[in-house]
Amino acid sequence: MADGTDSGFSEGQSSGPGGSSGPISPDLDPLNITTSTVDLEESLDMGAEGDPKSTGDDITTLTQSSLAGLRLDDALASDVHDLFVTVDDPEKHITNMESYITYRVTTKTTRSDYDSHEYVVRRRYQDFLWLRERLEATNPTHLIPPLPEKHSFRRLDRFSPEFLKTRQAALQKFLSRIVDHPTLSFNENLTIFLTAKAWELASHRKQAQGIMGKMGSSMRSMAAGYMLKNRSPEYATMQEYVNTFGAKMGTIDRINQRLLKEMTDYQQDLREFGPVFTLWSNSETELAPAMLGMASGVEKCEKALDQQISDQEHVFAPPVKEYILYAEAMKAVLKRRDSIQMEYELTVEDLSRKRNDREQLKMSDQSYSLGAFLGKDPEEVRQQKRTKLDSQIEELLKQVEVSNDSVECANADLKADLERWHRNKRRDVKEVFSELCDRNIQYYQECLSAWEETLQEINQKSELETASTLATPTSSCPDTPNLATPTSSITPPLPATPTKGGTEGGAAEGQGGTQ
């Protein structure tokens, strides 16, 4: 690779049409692949691109298509972008039979094979699905970007704005990956998808491969995994890596779904928790400031959590699901590559048998052959069989040569696409996990800020109440003497003096003294 930090598979060590090489280090990353350089002049001399309507059954057409792809890989290595596609403006359509969504697809290009520089068409999900199927059929050894699942978001209605926004972004990424591909961007089916009117596209869709053809291709791909005898170690390592990568991404997706469920349940608890404090404040005025502060903090945390759930579901989850589907697409490409090598091995085995039959024919006695019993000369019978075997061997030699070229082209296509995929994967994974970290930091900062504001508000109101209580003067009890009054100012009652008036005189004097 350009950065020089990743080691790729060994180049120039192919010991056969399967591309087998020497021992591979166990530390080797199977996706850090260095694409072997193909001479441009040699590739240009090998012919033009095959008929895009081919389903990959014809080995000759497959070889021509793959070689054309190699030519485009080298010719467009300068990263010149002359095709731009935008997906936007989802629109709902309601008919008597169904309801569906179409998206506006705007294309701007300077390529000479387009009649105009700009096209605007509307396409629905089934049209995108048709495009991917046709690209896969005409480019069986290339890694076709996956489409989002038709019903991938269980918590959302498929006509909701959130779902449409997420689906639009996924379809945009799908087309962007195709138009940036040096081979797929020149496919005739892509041109039809971007430029054809609705009725024209419908007629092309009717010509698509039938279900029996799809089943036949699937059966051949499945059988190749069991019948293949000489799979190269590097492709076995690729297969192992893809299986491990898909399993890891699947685990991340399942954990993310559990986290979303737990976060949704927690959000519902917060929504029920906040009103409790609000109602409490209505019944106890003294605790009202604290209760209202708590209600405000819970409400802010609930809003922050709602944004966190939305981001994790619509920003984090789609790339994870996309790479799960990418792993499945890579498995399918490896199976198709194995199928091509299996056809080569079967052809080689058939050629070997025919050669053995020709050698045995030289030593065999044709006197007891069916031709001899019919009255033919044994030597004439021998010569006829030899002529037939020579013709079959000559034909098989041509098939072996074509099959060998197909295997080599399939290996080159696969390595180039896996290298490109590995580059995109590192960038996308880094971006999605960085965004996840940033969103979690932002969420917890918002919650921390909400609780700090709540705590500060509660403390401020408590201080104001305390200060108000201390500023209010306290009233003394009427039966309690004022301790601040000097004791000398208090005149004690005079003792009663025995006089002639007795008690009445003493009482009168006492009253007068007191007064």
# chains A, B, ... in the order shown; residues from 1 in each chain; ligands from 1
call {"tool": "select_by_dssp", "arguments": {"residues": "stretch 125-374 of chain A", "states": "alpha helix (DSSP H)", "output": "NGL selection string"}}
result
:A and (125-138 or 161-179 or 188-195 or 198-206 or 211-227 or 233-283 or 288-311 or 317-363 or 370-373)
call {"tool": "residues_around", "arguments": {"residues": "A:Met294", "least_positions_apart": "6", "cutoff": "12 Å", "atoms": "only C-alpha atoms", "output": "NGL selection string"}}
result
:A and (270 or 273-281 or 287-288 or 300-301 or 450-458)
call {"tool": "atom_distance", "arguments": {"atom1": "atom CA of A:Glu272", "atom2": "atom CA of A:Ser296"}}
result
13.0 Å
call {"tool": "closest_residue", "arguments": {"among": "A:Asp413, A:Gly297, A:Gln460, A:Leu325", "to": "A:Leu448", "atoms": "only C-alpha atoms"}}
result
A:Gly297
call {"tool": "atom_distance", "arguments": {"atom1": "atom CA of A:Ala170", "atom2": "atom CA of A:Lys321"}}
result
10.5 Å
call {"tool": "atom_distance", "arguments": {"atom1": "atom CA of A:Leu418", "atom2": "atom CA of A:Asp180"}}
result
14.6 Å
call {"tool": "residues_around", "arguments": {"residues": "stretch 327-332 of chain A", "least_positions_apart": "4", "cutoff": "8 Å", "atoms": "only C-alpha atoms", "output": "list in words"}}
result
Leu143, Ile144, Pro145, Pro146, Ser221, Gln239, Val242, Asn243, Phe245, Gly246, Tyr323 and Arg336 of chain A
call {"tool": "closest_residue", "arguments": {"among": "A:Lys197, A:His204, A:Lys165, A:Arg177", "to": "A:Tyr119", "atoms": "only C-alpha atoms"}}
result
A:Lys197
call {"tool": "residues_around", "arguments": {"residues": "stretch 87-95 of chain A", "least_positions_apart": "5", "cutoff": "6 Å", "atoms": "only C-alpha atoms", "output": "ChimeraX atom specification"}}
result
/A:100-105,172
call {"tool": "select_by_dssp", "arguments": {"residues": "stretch 98-293 of chain A", "states": "strand (DSSP E)", "output": "mmCIF file with C-alpha atoms, in the first residue's frame"}}
result
data_model
loop_
_atom_site.group_PDB
_atom_site.id
_atom_site.type_symbol
_atom_site.label_atom_id
_atom_site.label_comp_id
_atom_site.auth_asym_id
_atom_site.auth_seq_id
_atom_site.Cartn_x
_atom_site.Cartn_y
_atom_site.Cartn_z
ATOM 1 C CA SER A 99 -47.557 2.478 -1.330
ATOM 2 C CA TYR A 100 -43.877 3.101 -1.963
ATOM 3 C CA ILE A 101 -41.135 5.717 -1.849
ATOM 4 C CA THR A 102 -39.098 7.042 -4.768
ATOM 5 C CA TYR A 103 -35.891 9.040 -4.579
ATOM 6 C CA ARG A 104 -34.610 11.651 -6.963
ATOM 7 C CA VAL A 105 -31.328 10.582 -8.582
ATOM 8 C CA THR A 106 -29.399 13.443 -10.160
ATOM 9 C CA THR A 107 -26.424 12.651 -12.400
ATOM 10 C CA LYS A 108 -23.824 15.091 -13.691
ATOM 11 C CA THR A 109 -21.088 13.877 -16.002
ATOM 12 C CA GLU A 118 -27.163 16.057 -16.557
ATOM 13 C CA TYR A 119 -29.991 13.597 -15.857
ATOM 14 C CA VAL A 120 -32.727 13.651 -13.230
ATOM 15 C CA VAL A 121 -34.763 10.485 -12.675
ATOM 16 C CA ARG A 122 -36.765 8.968 -9.829
ATOM 17 C CA ARG A 123 -35.986 5.486 -8.577
ATOM 18 C CA ARG A 124 -37.476 3.234 -5.921
#
call {"tool": "residues_around", "arguments": {"residues": "A:Ser364", "least_positions_apart": "5", "cutoff": "12 Å", "atoms": "only C-alpha atoms", "output": "list in words"}}
result
Asp357, Arg358, Glu359, Ser369, Pro378, Glu379, Val381, Arg382, Gln383, Lys385 and Arg386 of chain A
call {"tool": "closest_atom_pairs", "arguments": {"of": "stretch 277-349 of chain A", "to": "stretch 264-268 of chain A", "cutoff": "8 Å", "atoms": "only C-alpha atoms", "output": "tab-separated table"}}
result
residue	atom	partner	partner_atom	distance
A:Glu302	CA	A:Gln267	CA	6.0
A:Leu305	CA	A:Gln267	CA	6.7
A:Asp306	CA	A:Gln267	CA	7.2
A:Ile309	CA	A:Thr264	CA	7.4
call {"tool": "closest_residue", "arguments": {"among": "A:Pro148, A:Pro233, A:Pro182, A:Gly293", "to": "A:Tyr326", "atoms": "only C-alpha atoms"}}
result
A:Pro148
call {"tool": "decode", "arguments": {"residues": "stretch 244-255 of chain A", "atoms": "all heavy atoms", "output": "tab-separated table (two decimals), in the first residue's frame"}}
result
chain	number	residue	atom	x	y	z
A	244	THR	N	-14.36	-14.19	10.35
A	244	THR	CA	-14.10	-13.59	11.66
A	244	THR	C	-14.60	-12.15	11.71
A	244	THR	O	-15.22	-11.73	12.69
A	244	THR	CB	-12.60	-13.63	11.97
A	244	THR	OG1	-12.15	-14.99	11.90
A	244	THR	CG2	-12.31	-13.09	13.36
A	245	PHE	N	-14.33	-11.40	10.65
A	245	PHE	CA	-14.76	-10.00	10.61
A	245	PHE	C	-16.29	-9.90	10.67
A	245	PHE	O	-16.84	-9.07	11.41
A	245	PHE	CB	-14.23	-9.35	9.33
A	245	PHE	CG	-14.71	-7.94	9.13
A	245	PHE	CD1	-14.12	-6.89	9.81
A	245	PHE	CD2	-15.75	-7.66	8.25
A	245	PHE	CE1	-14.56	-5.59	9.62
A	245	PHE	CE2	-16.19	-6.37	8.05
A	245	PHE	CZ	-15.59	-5.33	8.74
A	246	GLY	N	-16.98	-10.73	9.89
A	246	GLY	CA	-18.44	-10.71	9.92
A	246	GLY	C	-18.99	-11.07	11.28
A	246	GLY	O	-19.97	-10.47	11.74
A	247	ALA	N	-18.36	-12.04	11.94
A	247	ALA	CA	-18.82	-12.43	13.28
A	247	ALA	C	-18.63	-11.29	14.28
A	247	ALA	O	-19.50	-11.03	15.12
A	247	ALA	CB	-18.08	-13.68	13.74
A	248	LYS	N	-17.50	-10.60	14.20
A	248	LYS	CA	-17.25	-9.49	15.11
A	248	LYS	C	-18.23	-8.34	14.89
A	248	LYS	O	-18.76	-7.77	15.85
A	248	LYS	CB	-15.81	-9.00	14.96
A	248	LYS	CG	-14.76	-9.98	15.46
A	248	LYS	CD	-13.36	-9.44	15.27
A	248	LYS	CE	-12.32	-10.41	15.82
A	248	LYS	NZ	-10.94	-9.91	15.61
A	249	MET	N	-18.46	-8.01	13.65
A	249	MET	CA	-19.40	-6.93	13.37
A	249	MET	C	-20.82	-7.33	13.78
A	249	MET	O	-21.60	-6.49	14.27
A	249	MET	CB	-19.37	-6.58	11.88
A	249	MET	CG	-18.04	-6.03	11.40
A	249	MET	SD	-17.50	-4.56	12.29
A	249	MET	CE	-18.69	-3.36	11.74
A	250	GLY	N	-21.16	-8.60	13.62
A	250	GLY	CA	-22.46	-9.07	14.08
A	250	GLY	C	-22.61	-8.96	15.59
A	250	GLY	O	-23.67	-8.60	16.10
A	251	THR	N	-21.52	-9.26	16.32
A	251	THR	CA	-21.55	-9.11	17.78
A	251	THR	C	-21.74	-7.66	18.17
A	251	THR	O	-22.52	-7.34	19.09
A	251	THR	CB	-20.25	-9.67	18.38
A	251	THR	OG1	-20.11	-11.04	18.01
A	251	THR	CG2	-20.27	-9.55	19.90
A	252	ILE	N	-21.03	-6.76	17.50
A	252	ILE	CA	-21.19	-5.33	17.79
A	252	ILE	C	-22.62	-4.88	17.54
A	252	ILE	O	-23.20	-4.12	18.32
A	252	ILE	CB	-20.20	-4.51	16.94
A	252	ILE	CG1	-18.77	-4.78	17.40
A	252	ILE	CG2	-20.51	-3.02	17.02
A	252	ILE	CD1	-17.72	-4.08	16.55
A	253	ASP	N	-23.21	-5.37	16.45
A	253	ASP	CA	-24.59	-4.98	16.14
A	253	ASP	C	-25.56	-5.49	17.19
A	253	ASP	O	-26.48	-4.76	17.61
A	253	ASP	CB	-24.97	-5.51	14.76
A	253	ASP	CG	-26.38	-5.13	14.35
A	253	ASP	OD1	-26.68	-3.93	14.27
A	253	ASP	OD2	-27.19	-6.05	14.12
A	254	ARG	N	-25.38	-6.73	17.64
A	254	ARG	CA	-26.29	-7.27	18.65
A	254	ARG	C	-26.14	-6.51	19.98
A	254	ARG	O	-27.15	-6.21	20.65
A	254	ARG	CB	-26.00	-8.76	18.86
A	254	ARG	CG	-26.44	-9.63	17.70
A	254	ARG	CD	-26.39	-11.10	18.07
A	254	ARG	NE	-25.04	-11.53	18.39
A	254	ARG	CZ	-24.17	-11.98	17.49
A	254	ARG	NH1	-24.51	-12.03	16.22
A	254	ARG	NH2	-22.96	-12.38	17.86
A	255	ILE	N	-24.91	-6.20	20.36
A	255	ILE	CA	-24.71	-5.44	21.60
A	255	ILE	C	-25.31	-4.05	21.47
A	255	ILE	O	-25.92	-3.53	22.41
A	255	ILE	CB	-23.21	-5.37	21.93
A	255	ILE	CG1	-22.67	-6.76	22.28
A	255	ILE	CG2	-22.95	-4.40	23.09
A	255	ILE	CD1	-21.18	-6.81	22.51
